[in-house]
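Here is the structure we will look at, set down as structure tokens.
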Amino acid sequence: MPDPFTSPVETVAEIPALRKLVEAERKQNASIGFVPTMGALHAGHMSLIEAAHRDCDFVVVSIFVNPTQFGPNEDFEKYPRVVEQDLVKCHEAGADLVWLPTTEIMYPKNFSTCVTVKMLSQVLEGKTRPDHFEGVTSVVTKLLLCSLPDIAYFGAKDYQQQAIIRRMCLDLNIPVEIKTCPIVRDTDGLALSSRNAYLSEAERESALSLSRALKLAEERIHAGETDLNQLTAEMQQLISTTPLLKLDYATIVDAGTLEEISAPQPDMVALVAAYAGATRLIDNCLLSADATD
Ligand code: PAF
């Protein structure tokens, strides 16, 4: 028999119990930071928890693999579930409480409400994964309303996700500050993702073309490139000619509206998405036509 696991950090599953614990902290004037995750935590998630720990008195992390944001042929079933390891990492990064709701808690019988952010959800990831963002925005609304934090933390790797969540909080007057933390990369440039665990050695090597395409965009903009159509064509070429990769998109858009642009402007973002085998990979890089460093 394996030893029973003792969590190094307090955990809770039920929503009333979560609310009671957060409420008790509030009564002591503690500020609340919240980091929503789907588990399989890596250094990127830990940087979010660490940021919350720096900013706030009490840090809540949620771990919930949300079924509604996965498409029918996506990886919901095989998504890595390693809760014991995650609890240790949450503790190390400074979490005070980990919320582990079950699917029944989040989606009880007859659950029928969803939150849709139009426009921003229909482009880029939303084109290939049509119901993905509705699943994300619906669950994030519920996570925020249950934990009622002062600040919620999201990773910049999911650039479109954080833009949509910002829009949603503004539109619905959800009184939570959204903080976006920088992408954490491996030393070779690969953006950390829980899905990197699916990659074979050869696929992982090929996956580096995503960050290389972004680097190309960054360098060329820095050098004064003005033809974004030409530049995105080169990014696409770099990814689509890499063995084992299937390009979805490589584009440069307005950083706020996510609309495609053809000439440089102060706030823009280069975004790429590709499949390495069955594994979907995304990455991005903020660009500024004014960049001088
Ligand atoms: O970014 C994620 O891990 C998920 O989309 C989130 C925000 C936890 C919602 O399930």
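Chain lettering (A, B, ...) mirrors the order of the structure tokens, residue numbering begins at 1 for each chain separately, and ligand numbering begins at 1 in order of display.
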Margin query: Distance limit 6 Å, reference ligand 1, atoms considered: only C-alpha atoms and all ligand atoms. Which residues make the cut? Give them as a ChimeraX atom specification.
Written below: /A:36-38,66,136,140
I need the residues in range 189-276 of chain A that are alpha helix (DSSP H) according to DSSP; give them as a short mmCIF file (atom, residue, chain, number, x, y, z; two decimals) with C-alpha atoms, in the first residue's frame.
```
data_model
loop_
_atom_site.label_atom_id
_atom_site.label_comp_id
_atom_site.auth_asym_id
_atom_site.auth_seq_id
_atom_site.Cartn_x
_atom_site.Cartn_y
_atom_site.Cartn_z
CA GLU A 201 11.99 14.21 -28.36
CA ALA A 202 11.76 14.89 -32.11
CA GLU A 203 8.48 16.81 -31.76
CA ARG A 204 9.93 18.89 -28.96
CA GLU A 205 12.88 19.81 -31.19
CA SER A 206 10.49 20.79 -33.99
CA ALA A 207 8.36 22.79 -31.55
CA LEU A 208 11.23 25.26 -31.21
CA SER A 209 10.22 26.66 -34.59
CA LEU A 210 7.36 28.49 -32.88
CA SER A 211 9.61 30.60 -30.66
CA ARG A 212 12.06 30.97 -33.59
CA ALA A 213 9.29 32.41 -35.77
CA LEU A 214 8.45 34.90 -33.01
CA LYS A 215 12.11 35.81 -32.60
CA LEU A 216 12.28 36.44 -36.34
CA ALA A 217 9.30 38.79 -36.07
CA GLU A 218 10.79 40.59 -33.10
CA GLU A 219 14.18 41.09 -34.77
CA ARG A 220 12.72 42.23 -38.07
CA ILE A 221 10.36 44.74 -36.44
CA HIS A 222 13.24 46.00 -34.36
CA LEU A 228 3.85 42.75 -42.10
CA ASN A 229 2.37 40.60 -44.88
CA GLN A 230 5.86 39.66 -45.97
CA LEU A 231 6.95 39.10 -42.39
CA THR A 232 4.01 36.84 -41.48
CA ALA A 233 4.56 34.88 -44.72
CA GLU A 234 8.12 34.22 -43.55
CA MET A 235 6.94 33.17 -40.09
CA GLN A 236 4.43 30.81 -41.70
CA GLN A 237 7.12 29.42 -44.01
CA LEU A 238 9.47 28.78 -41.09
CA ILE A 239 6.84 26.79 -39.18
CA SER A 240 5.22 24.98 -42.09
#
```
Margin query: If we count only C-alpha atoms and set the cut-off at 6 Å, which residues sit around range 272-289 of chain A, ignoring sequence neighbours fewer than 5 positions away in its own chain? Please answer as a list in words.
Written below: Lys157, Glu203, Leu244, Leu245, Lys246, Leu247, Asp248, Tyr249, Ala250, Pro264, Gln265, Pro266 and Asp267 of chain A
Write the selection just made, keeping N, CA and C atoms, as a PDB file, in the first residue's frame?
```
ATOM      1  N   LYS A 157       1.217  33.427 -21.913  1.00  0.00           N
ATOM      2  CA  LYS A 157       1.302  32.456 -23.016  1.00  0.00           C
ATOM      3  C   LYS A 157      -0.053  32.289 -23.690  1.00  0.00           C
ATOM      4  N   GLU A 203       9.526  15.765 -31.693  1.00  0.00           N
ATOM      5  CA  GLU A 203       8.484  16.807 -31.764  1.00  0.00           C
ATOM      6  C   GLU A 203       8.888  18.035 -30.947  1.00  0.00           C
ATOM      7  N   LEU A 244       7.348  17.501 -38.825  1.00  0.00           N
ATOM      8  CA  LEU A 244       6.457  17.119 -37.712  1.00  0.00           C
ATOM      9  C   LEU A 244       5.499  18.232 -37.268  1.00  0.00           C
ATOM     10  N   LEU A 245       5.630  19.437 -37.827  1.00  0.00           N
ATOM     11  CA  LEU A 245       4.715  20.511 -37.422  1.00  0.00           C
ATOM     12  C   LEU A 245       3.656  20.738 -38.490  1.00  0.00           C
ATOM     13  N   LYS A 246       2.438  21.017 -38.029  1.00  0.00           N
ATOM     14  CA  LYS A 246       1.380  21.439 -38.956  1.00  0.00           C
ATOM     15  C   LYS A 246       0.941  22.824 -38.493  1.00  0.00           C
ATOM     16  N   LEU A 247       1.197  23.806 -39.362  1.00  0.00           N
ATOM     17  CA  LEU A 247       0.876  25.198 -39.005  1.00  0.00           C
ATOM     18  C   LEU A 247      -0.626  25.411 -38.902  1.00  0.00           C
ATOM     19  N   ASP A 248      -1.062  26.108 -37.874  1.00  0.00           N
ATOM     20  CA  ASP A 248      -2.452  26.592 -37.846  1.00  0.00           C
ATOM     21  C   ASP A 248      -2.446  28.067 -38.246  1.00  0.00           C
ATOM     22  N   TYR A 249      -1.759  28.911 -37.455  1.00  0.00           N
ATOM     23  CA  TYR A 249      -1.621  30.304 -37.874  1.00  0.00           C
ATOM     24  C   TYR A 249      -0.310  30.891 -37.371  1.00  0.00           C
ATOM     25  N   ALA A 250       0.150  31.907 -38.074  1.00  0.00           N
ATOM     26  CA  ALA A 250       1.275  32.733 -37.629  1.00  0.00           C
ATOM     27  C   ALA A 250       0.917  34.116 -38.134  1.00  0.00           C
ATOM     28  N   PRO A 264       3.094  48.149 -39.194  1.00  0.00           N
ATOM     29  CA  PRO A 264       3.449  48.207 -37.772  1.00  0.00           C
ATOM     30  C   PRO A 264       2.727  49.331 -37.027  1.00  0.00           C
ATOM     31  N   GLN A 265       2.478  49.122 -35.765  1.00  0.00           N
ATOM     32  CA  GLN A 265       1.846  50.119 -34.893  1.00  0.00           C
ATOM     33  C   GLN A 265       2.419  49.918 -33.490  1.00  0.00           C
ATOM     34  N   PRO A 266       2.195  50.856 -32.579  1.00  0.00           N
ATOM     35  CA  PRO A 266       2.855  50.742 -31.271  1.00  0.00           C
ATOM     36  C   PRO A 266       2.535  49.442 -30.528  1.00  0.00           C
ATOM     37  N   ASP A 267       1.259  49.043 -30.457  1.00  0.00           N
ATOM     38  CA  ASP A 267       0.913  47.836 -29.690  1.00  0.00           C
ATOM     39  C   ASP A 267       0.426  46.733 -30.600  1.00  0.00           C
TER      40      ASP A 267
END
```
Next item on the list: Could you tell me which of A:Lys27, A:Ile151, A:Leu87, A:Phe64 comes closest to Thr11 in chain A if we count only C-alpha atoms?
Entry: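 Result for the nearest residue to Thr11 in chain A: A:Leu87.
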Checklist line | Members of range 152-249 of chain A assigned strand (DSSP E or B) by DSSP, as a list in words | finding: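 Filtering range 152-249 of chain A to strand (DSSP E or B) leaves Ala152, Tyr153, Phe154, Gly155, Glu177, Ile178, Lys179, Thr180, Cys181, Arg185, Ala191, Leu245, Lys246, Leu247, Asp248 and Tyr249 of chain A.
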Notebook entry, point to check: What's the 12 Å shell around Gly256 in chain A, counting only C-alpha atoms, without same-chain residues fewer than 6 positions away, as a list in words?
Noted result: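 Near neighbours after the sequence-gap exclusion: Met119, Leu120, Tyr159, Gln160, Gln162, Ala163, Ile164, Arg166, Arg167, Gln265, Pro266, Asp267, Met268, Val269 and Leu286 of chain A.
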Keeping N, CA, C and O atoms, export the residues of the selection given above as an mmCIF file, in the first residue's frame.
```cif
data_model
loop_
_atom_site.group_PDB
_atom_site.id
_atom_site.type_symbol
_atom_site.label_atom_id
_atom_site.label_comp_id
_atom_site.auth_asym_id
_atom_site.auth_seq_id
_atom_site.Cartn_x
_atom_site.Cartn_y
_atom_site.Cartn_z
ATOM 1 N N MET A 119 -16.693 38.395 -30.581
ATOM 2 C CA MET A 119 -15.573 38.989 -31.324
ATOM 3 C C MET A 119 -14.228 38.391 -30.925
ATOM 4 O O MET A 119 -13.669 37.607 -31.664
ATOM 5 N N LEU A 120 -13.718 38.778 -29.751
ATOM 6 C CA LEU A 120 -12.374 38.318 -29.375
ATOM 7 C C LEU A 120 -12.289 36.792 -29.332
ATOM 8 O O LEU A 120 -11.221 36.217 -29.505
ATOM 9 N N TYR A 159 -2.288 34.386 -24.628
ATOM 10 C CA TYR A 159 -2.513 35.820 -24.806
ATOM 11 C C TYR A 159 -3.982 36.126 -25.070
ATOM 12 O O TYR A 159 -4.570 37.027 -24.466
ATOM 13 N N GLN A 160 -4.575 35.347 -25.967
ATOM 14 C CA GLN A 160 -5.973 35.611 -26.331
ATOM 15 C C GLN A 160 -6.879 35.370 -25.113
ATOM 16 O O GLN A 160 -7.816 36.140 -24.867
ATOM 17 N N GLN A 162 -6.199 35.734 -21.896
ATOM 18 C CA GLN A 162 -6.173 36.822 -20.922
ATOM 19 C C GLN A 162 -6.861 38.079 -21.465
ATOM 20 O O GLN A 162 -7.513 38.805 -20.724
ATOM 21 N N ALA A 163 -6.770 38.297 -22.793
ATOM 22 C CA ALA A 163 -7.453 39.462 -23.393
ATOM 23 C C ALA A 163 -8.966 39.293 -23.254
ATOM 24 O O ALA A 163 -9.694 40.253 -22.939
ATOM 25 N N ILE A 164 -9.451 38.087 -23.477
ATOM 26 C CA ILE A 164 -10.895 37.807 -23.386
ATOM 27 C C ILE A 164 -11.370 37.945 -21.940
ATOM 28 O O ILE A 164 -12.427 38.523 -21.663
ATOM 29 N N ARG A 166 -10.024 39.765 -19.570
ATOM 30 C CA ARG A 166 -10.040 41.203 -19.238
ATOM 31 C C ARG A 166 -11.323 41.857 -19.752
ATOM 32 O O ARG A 166 -11.980 42.624 -19.056
ATOM 33 N N ARG A 167 -11.646 41.559 -21.015
ATOM 34 C CA ARG A 167 -12.853 42.126 -21.629
ATOM 35 C C ARG A 167 -14.095 41.726 -20.824
ATOM 36 O O ARG A 167 -14.966 42.524 -20.520
ATOM 37 N N GLN A 265 2.478 49.122 -35.765
ATOM 38 C CA GLN A 265 1.846 50.119 -34.893
ATOM 39 C C GLN A 265 2.419 49.918 -33.490
ATOM 40 O O GLN A 265 3.071 48.899 -33.226
ATOM 41 N N PRO A 266 2.195 50.856 -32.579
ATOM 42 C CA PRO A 266 2.855 50.742 -31.271
ATOM 43 C C PRO A 266 2.535 49.442 -30.528
ATOM 44 O O PRO A 266 3.429 48.796 -30.002
ATOM 45 N N ASP A 267 1.259 49.043 -30.457
ATOM 46 C CA ASP A 267 0.913 47.836 -29.690
ATOM 47 C C ASP A 267 0.426 46.733 -30.600
ATOM 48 O O ASP A 267 -0.685 46.777 -31.117
ATOM 49 N N MET A 268 1.265 45.754 -30.790
ATOM 50 C CA MET A 268 0.874 44.628 -31.641
ATOM 51 C C MET A 268 1.471 43.358 -31.043
ATOM 52 O O MET A 268 2.380 43.401 -30.219
ATOM 53 N N VAL A 269 0.894 42.245 -31.454
ATOM 54 C CA VAL A 269 1.371 40.975 -30.906
ATOM 55 C C VAL A 269 1.459 39.959 -32.041
ATOM 56 O O VAL A 269 0.574 39.904 -32.904
ATOM 57 N N LEU A 286 4.806 40.039 -27.666
ATOM 58 C CA LEU A 286 4.365 41.425 -27.858
ATOM 59 C C LEU A 286 5.426 42.152 -28.668
ATOM 60 O O LEU A 286 6.620 41.976 -28.430
#
```
Notebook entry, point to check: Counting only C-alpha atoms, what is within 7 Å of Val59 in chain A, bar same-chain residues fewer than 2 positions away, as a list in words?
Noted result: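 Everything that qualifies: Ile32, Gly33, Phe34, Ala52, His53, Cys56, Asp57, Val61, Ala95, Asp96 and Leu97 of chain A.
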With N, CA, C and O atoms retained, could you export that selection as a PDB file, in the first residue's frame?
```pdb
ATOM      1  N   ILE A  32      -6.790  39.201  -1.232  1.00  0.00           N
ATOM      2  CA  ILE A  32      -6.865  37.831  -1.757  1.00  0.00           C
ATOM      3  C   ILE A  32      -6.342  37.789  -3.197  1.00  0.00           C
ATOM      4  O   ILE A  32      -6.809  38.529  -4.064  1.00  0.00           O
ATOM      5  N   GLY A  33      -5.382  36.905  -3.428  1.00  0.00           N
ATOM      6  CA  GLY A  33      -4.894  36.652  -4.792  1.00  0.00           C
ATOM      7  C   GLY A  33      -5.405  35.297  -5.246  1.00  0.00           C
ATOM      8  O   GLY A  33      -5.509  34.370  -4.433  1.00  0.00           O
ATOM      9  N   PHE A  34      -5.713  35.170  -6.531  1.00  0.00           N
ATOM     10  CA  PHE A  34      -6.290  33.911  -7.021  1.00  0.00           C
ATOM     11  C   PHE A  34      -5.587  33.482  -8.305  1.00  0.00           C
ATOM     12  O   PHE A  34      -5.413  34.275  -9.234  1.00  0.00           O
ATOM     13  N   ALA A  52       1.354  36.254  -7.028  1.00  0.00           N
ATOM     14  CA  ALA A  52       0.208  36.455  -6.129  1.00  0.00           C
ATOM     15  C   ALA A  52       0.692  36.547  -4.677  1.00  0.00           C
ATOM     16  O   ALA A  52       0.206  37.372  -3.899  1.00  0.00           O
ATOM     17  N   HIS A  53       1.647  35.708  -4.341  1.00  0.00           N
ATOM     18  CA  HIS A  53       2.196  35.691  -2.981  1.00  0.00           C
ATOM     19  C   HIS A  53       2.899  37.020  -2.651  1.00  0.00           C
ATOM     20  O   HIS A  53       2.829  37.513  -1.530  1.00  0.00           O
ATOM     21  N   CYS A  56      -0.245  39.768  -2.565  1.00  0.00           N
ATOM     22  CA  CYS A  56      -1.454  39.596  -1.741  1.00  0.00           C
ATOM     23  C   CYS A  56      -1.136  38.887  -0.428  1.00  0.00           C
ATOM     24  O   CYS A  56      -0.151  38.158  -0.323  1.00  0.00           O
ATOM     25  N   ASP A  57      -2.044  39.054   0.553  1.00  0.00           N
ATOM     26  CA  ASP A  57      -1.827  38.423   1.862  1.00  0.00           C
ATOM     27  C   ASP A  57      -2.214  36.946   1.846  1.00  0.00           C
ATOM     28  O   ASP A  57      -1.645  36.147   2.592  1.00  0.00           O
ATOM     29  N   VAL A  61      -5.267  28.956  -4.964  1.00  0.00           N
ATOM     30  CA  VAL A  61      -5.031  28.365  -6.298  1.00  0.00           C
ATOM     31  C   VAL A  61      -6.156  27.377  -6.541  1.00  0.00           C
ATOM     32  O   VAL A  61      -6.513  26.607  -5.635  1.00  0.00           O
ATOM     33  N   ALA A  95       1.260  29.303  -2.056  1.00  0.00           N
ATOM     34  CA  ALA A  95      -0.208  29.254  -1.958  1.00  0.00           C
ATOM     35  C   ALA A  95      -0.608  28.985  -0.515  1.00  0.00           C
ATOM     36  O   ALA A  95       0.073  28.257   0.208  1.00  0.00           O
ATOM     37  N   ASP A  96      -1.735  29.591  -0.119  1.00  0.00           N
ATOM     38  CA  ASP A  96      -2.259  29.349   1.231  1.00  0.00           C
ATOM     39  C   ASP A  96      -3.394  28.345   1.222  1.00  0.00           C
ATOM     40  O   ASP A  96      -3.650  27.686   2.227  1.00  0.00           O
ATOM     41  N   LEU A  97      -4.087  28.256   0.104  1.00  0.00           N
ATOM     42  CA  LEU A  97      -5.247  27.371   0.022  1.00  0.00           C
ATOM     43  C   LEU A  97      -5.378  26.882  -1.411  1.00  0.00           C
ATOM     44  O   LEU A  97      -5.220  27.660  -2.356  1.00  0.00           O
TER      45      LEU A  97
END
```
Go through range 67-150 of chain A residue by residue and, counting only C-alpha atoms, keep those with an atom at most 12 Å from range 172-186 of chain A; for each kept residue give the shortest atom pair and its distance in Å to one decimal, ordered by chain and increasing number, as CSV.
```
residue,atom,partner,partner_atom,distance
A:Val115,CA,A:Leu172,CA,9.9
A:Thr116,CA,A:Leu172,CA,11.1
A:Val117,CA,A:Leu172,CA,10.3
A:Thr137,CA,A:Leu172,CA,11.5
A:Val140,CA,A:Ile174,CA,11.0
A:Thr141,CA,A:Ile174,CA,8.4
A:Lys142,CA,A:Ile174,CA,10.9
A:Leu143,CA,A:Val176,CA,11.6
A:Leu144,CA,A:Val176,CA,7.9
A:Leu145,CA,A:Ile174,CA,8.2
A:Cys146,CA,A:Ile174,CA,11.9
A:Ser147,CA,A:Val176,CA,10.4
A:Leu148,CA,A:Val176,CA,7.6
A:Pro149,CA,A:Val176,CA,6.3
A:Asp150,CA,A:Val176,CA,5.2
```
Got time to write the residues from that selection, all heavy atoms, as a JSON list (two decimals), in the first residue's frame?
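Okay, result22.json is ready:
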```json
[["chain", "number", "residue", "atom", "x", "y", "z"],
["A", 115, "VAL", "N", -21.14, 31.95, -20.42],
["A", 115, "VAL", "CA", -20.73, 33.34, -20.66],
["A", 115, "VAL", "C", -19.95, 33.36, -21.97],
["A", 115, "VAL", "O", -19.00, 32.60, -22.13],
["A", 115, "VAL", "CB", -19.84, 33.85, -19.51],
["A", 115, "VAL", "CG1", -19.35, 35.26, -19.77],
["A", 115, "VAL", "CG2", -20.58, 33.78, -18.17],
["A", 116, "THR", "N", -20.36, 34.21, -22.89],
["A", 116, "THR", "CA", -19.67, 34.30, -24.17],
["A", 116, "THR", "C", -19.15, 35.71, -24.38],
["A", 116, "THR", "O", -19.90, 36.67, -24.23],
["A", 116, "THR", "CB", -20.65, 33.99, -25.34],
["A", 116, "THR", "OG1", -21.28, 32.76, -25.05],
["A", 116, "THR", "CG2", -19.94, 33.90, -26.66],
["A", 117, "VAL", "N", -17.89, 35.81, -24.72],
["A", 117, "VAL", "CA", -17.32, 37.11, -25.11],
["A", 117, "VAL", "C", -17.22, 37.07, -26.63],
["A", 117, "VAL", "O", -16.41, 36.33, -27.18],
["A", 117, "VAL", "CB", -15.94, 37.31, -24.45],
["A", 117, "VAL", "CG1", -15.31, 38.62, -24.91],
["A", 117, "VAL", "CG2", -16.06, 37.28, -22.93],
["A", 137, "THR", "N", -14.48, 31.13, -20.44],
["A", 137, "THR", "CA", -15.07, 32.31, -19.80],
["A", 137, "THR", "C", -16.17, 31.90, -18.82],
["A", 137, "THR", "O", -16.34, 32.53, -17.77],
["A", 137, "THR", "CB", -15.60, 33.32, -20.84],
["A", 137, "THR", "OG1", -16.28, 32.62, -21.90],
["A", 137, "THR", "CG2", -14.48, 34.11, -21.45],
["A", 140, "VAL", "N", -14.26, 30.52, -15.74],
["A", 140, "VAL", "CA", -13.52, 31.56, -15.02],
["A", 140, "VAL", "C", -14.49, 32.49, -14.29],
["A", 140, "VAL", "O", -14.23, 32.91, -13.16],
["A", 140, "VAL", "CB", -12.56, 32.33, -15.97],
["A", 140, "VAL", "CG1", -11.98, 33.56, -15.29],
["A", 140, "VAL", "CG2", -11.43, 31.43, -16.44],
["A", 141, "THR", "N", -15.63, 32.78, -14.90],
["A", 141, "THR", "CA", -16.64, 33.59, -14.19],
["A", 141, "THR", "C", -17.01, 32.90, -12.89],
["A", 141, "THR", "O", -17.03, 33.52, -11.81],
["A", 141, "THR", "CB", -17.92, 33.74, -15.06],
["A", 141, "THR", "OG1", -17.55, 34.36, -16.28],
["A", 141, "THR", "CG2", -18.96, 34.59, -14.37],
["A", 142, "LYS", "N", -17.27, 31.62, -12.96],
["A", 142, "LYS", "CA", -17.68, 30.87, -11.77],
["A", 142, "LYS", "C", -16.54, 30.82, -10.74],
["A", 142, "LYS", "O", -16.75, 31.03, -9.55],
["A", 142, "LYS", "CB", -18.12, 29.48, -12.19],
["A", 142, "LYS", "CG", -18.69, 28.67, -11.08],
["A", 142, "LYS", "CD", -19.71, 27.68, -11.57],
["A", 142, "LYS", "CE", -20.15, 26.81, -10.42],
["A", 142, "LYS", "NZ", -21.43, 26.19, -10.61],
["A", 143, "LEU", "N", -15.32, 30.58, -11.23],
["A", 143, "LEU", "CA", -14.17, 30.53, -10.31],
["A", 143, "LEU", "C", -13.99, 31.87, -9.59],
["A", 143, "LEU", "O", -13.73, 31.92, -8.38],
["A", 143, "LEU", "CB", -12.90, 30.17, -11.08],
["A", 143, "LEU", "CG", -12.81, 28.77, -11.70],
["A", 143, "LEU", "CD1", -11.62, 28.65, -12.64],
["A", 143, "LEU", "CD2", -12.73, 27.68, -10.62],
["A", 144, "LEU", "N", -14.15, 32.97, -10.34],
["A", 144, "LEU", "CA", -13.97, 34.29, -9.73],
["A", 144, "LEU", "C", -15.10, 34.60, -8.75],
["A", 144, "LEU", "O", -14.87, 35.14, -7.67],
["A", 144, "LEU", "CB", -13.90, 35.38, -10.82],
["A", 144, "LEU", "CG", -12.69, 35.35, -11.75],
["A", 144, "LEU", "CD1", -12.79, 36.43, -12.82],
["A", 144, "LEU", "CD2", -11.37, 35.49, -10.98],
["A", 145, "LEU", "N", -16.32, 34.24, -9.13],
["A", 145, "LEU", "CA", -17.45, 34.55, -8.25],
["A", 145, "LEU", "C", -17.42, 33.71, -6.97],
["A", 145, "LEU", "O", -17.96, 34.11, -5.95],
["A", 145, "LEU", "CB", -18.79, 34.34, -8.98],
["A", 145, "LEU", "CG", -19.06, 35.34, -10.11],
["A", 145, "LEU", "CD1", -20.37, 35.02, -10.80],
["A", 145, "LEU", "CD2", -19.06, 36.78, -9.59],
["A", 146, "CYS", "N", -16.81, 32.55, -7.03],
["A", 146, "CYS", "CA", -16.72, 31.71, -5.84],
["A", 146, "CYS", "C", -15.57, 32.14, -4.93],
["A", 146, "CYS", "O", -15.67, 32.03, -3.71],
["A", 146, "CYS", "CB", -16.53, 30.24, -6.23],
["A", 146, "CYS", "SG", -17.98, 29.56, -7.02],
["A", 147, "SER", "N", -14.47, 32.61, -5.52],
["A", 147, "SER", "CA", -13.31, 32.93, -4.69],
["A", 147, "SER", "C", -13.23, 34.43, -4.36],
["A", 147, "SER", "O", -12.54, 34.82, -3.43],
["A", 147, "SER", "CB", -12.01, 32.48, -5.38],
["A", 147, "SER", "OG", -11.90, 33.09, -6.65],
["A", 148, "LEU", "N", -13.93, 35.25, -5.14],
["A", 148, "LEU", "CA", -13.98, 36.70, -4.93],
["A", 148, "LEU", "C", -12.62, 37.33, -4.57],
["A", 148, "LEU", "O", -12.47, 37.95, -3.51],
["A", 148, "LEU", "CB", -15.01, 37.05, -3.85],
["A", 148, "LEU", "CG", -16.46, 36.78, -4.23],
["A", 148, "LEU", "CD1", -17.39, 37.12, -3.07],
["A", 148, "LEU", "CD2", -16.87, 37.58, -5.47],
["A", 149, "PRO", "N", -11.62, 37.15, -5.45],
["A", 149, "PRO", "CA", -10.30, 37.71, -5.13],
["A", 149, "PRO", "C", -10.20, 39.20, -5.44],
["A", 149, "PRO", "O", -11.04, 39.75, -6.15],
["A", 149, "PRO", "CB", -9.39, 36.93, -6.09],
["A", 149, "PRO", "CG", -10.26, 36.66, -7.28],
["A", 149, "PRO", "CD", -11.67, 36.49, -6.75],
["A", 150, "ASP", "N", -9.15, 39.82, -4.93],
["A", 150, "ASP", "CA", -8.84, 41.20, -5.35],
["A", 150, "ASP", "C", -8.13, 41.16, -6.70],
["A", 150, "ASP", "O", -8.37, 41.99, -7.56],
["A", 150, "ASP", "CB", -7.92, 41.85, -4.32],
["A", 150, "ASP", "CG", -8.61, 41.99, -2.98],
["A", 150, "ASP", "OD1", -9.46, 42.88, -2.87],
["A", 150, "ASP", "OD2", -8.34, 41.17, -2.08]]
```
Checklist line | CA of Ala255 in chain A to CA of Val139 in chain A, distance in Å rounded to a single decimal | finding: 24.1 Å
Next item on the list: Please indicate the distance in Å from CA of Glu50 in chain A to CA of Gln85 in chain A, rounded to one decimal place.
Entry: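 For CA of Glu50 in chain A relative to CA of Gln85 in chain A, the distance reads 16.9 Å.
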Checklist line | Contacts of Phe70 in chain A within 9 Å, only C-alpha atoms, excl. fewer than 5 positions in-chain, as a PyMOL selection string | finding: chain A and resi 75-76+129+131-132+135
Print the selection's residues with all heavy atoms to a file, as a compact mmCIF listing (two decimals), in the first residue's frame.
```txt
# COMPACT_ATOMS: atom_id res chain seq x y z
N ASP A 75 -7.90 16.68 -25.84
CA ASP A 75 -7.18 15.82 -24.90
C ASP A 75 -7.73 15.83 -23.47
O ASP A 75 -6.97 15.60 -22.52
CB ASP A 75 -5.70 16.23 -24.90
CG ASP A 75 -5.51 17.71 -24.59
OD1 ASP A 75 -6.49 18.47 -24.74
OD2 ASP A 75 -4.41 18.11 -24.19
N PHE A 76 -9.04 16.06 -23.30
CA PHE A 76 -9.57 16.10 -21.92
C PHE A 76 -9.23 14.84 -21.13
O PHE A 76 -8.77 14.91 -20.00
CB PHE A 76 -11.09 16.32 -21.95
CG PHE A 76 -11.70 16.24 -20.58
CD1 PHE A 76 -11.40 17.19 -19.60
CD2 PHE A 76 -12.55 15.19 -20.22
CE1 PHE A 76 -11.93 17.10 -18.32
CE2 PHE A 76 -13.08 15.09 -18.94
CZ PHE A 76 -12.77 16.05 -17.99
N ARG A 129 -10.86 26.19 -32.51
CA ARG A 129 -11.48 25.56 -31.32
C ARG A 129 -12.75 26.36 -30.98
O ARG A 129 -12.77 27.17 -30.05
CB ARG A 129 -10.48 25.60 -30.16
CG ARG A 129 -9.11 25.02 -30.50
CD ARG A 129 -8.17 25.08 -29.30
NE ARG A 129 -8.56 24.13 -28.28
CZ ARG A 129 -8.10 24.15 -27.02
NH1 ARG A 129 -7.24 25.08 -26.65
NH2 ARG A 129 -8.50 23.25 -26.14
N ASP A 131 -15.67 26.17 -29.49
CA ASP A 131 -16.36 26.31 -28.19
C ASP A 131 -15.40 26.52 -27.02
O ASP A 131 -15.83 26.63 -25.87
CB ASP A 131 -17.19 25.05 -27.91
CG ASP A 131 -18.26 24.86 -28.98
OD1 ASP A 131 -18.81 25.88 -29.43
OD2 ASP A 131 -18.50 23.70 -29.38
N HIS A 132 -14.11 26.58 -27.35
CA HIS A 132 -13.10 26.62 -26.30
C HIS A 132 -13.29 27.82 -25.35
O HIS A 132 -13.37 27.67 -24.14
CB HIS A 132 -11.71 26.65 -26.94
CG HIS A 132 -10.61 26.95 -25.99
ND1 HIS A 132 -10.26 26.09 -24.97
CD2 HIS A 132 -9.75 28.02 -25.89
CE1 HIS A 132 -9.26 26.61 -24.27
NE2 HIS A 132 -8.94 27.78 -24.81
N GLY A 135 -16.17 27.87 -22.95
CA GLY A 135 -15.88 27.02 -21.79
C GLY A 135 -14.98 27.74 -20.79
O GLY A 135 -15.20 27.67 -19.58
```
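For the pair CA of His91 in chain A and CA of Val12 in chain A, the interatomic distance is 14.2 Å.
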Margin query: Can you tell me which residues surround range 101-105 of chain A at a distance of at most 9 Å, considering only C-alpha atoms, apart from same-chain residues fewer than 6 positions away, and format the answer as a PyMOL selection string?
Written below: chain A and resi 12-15+62-67
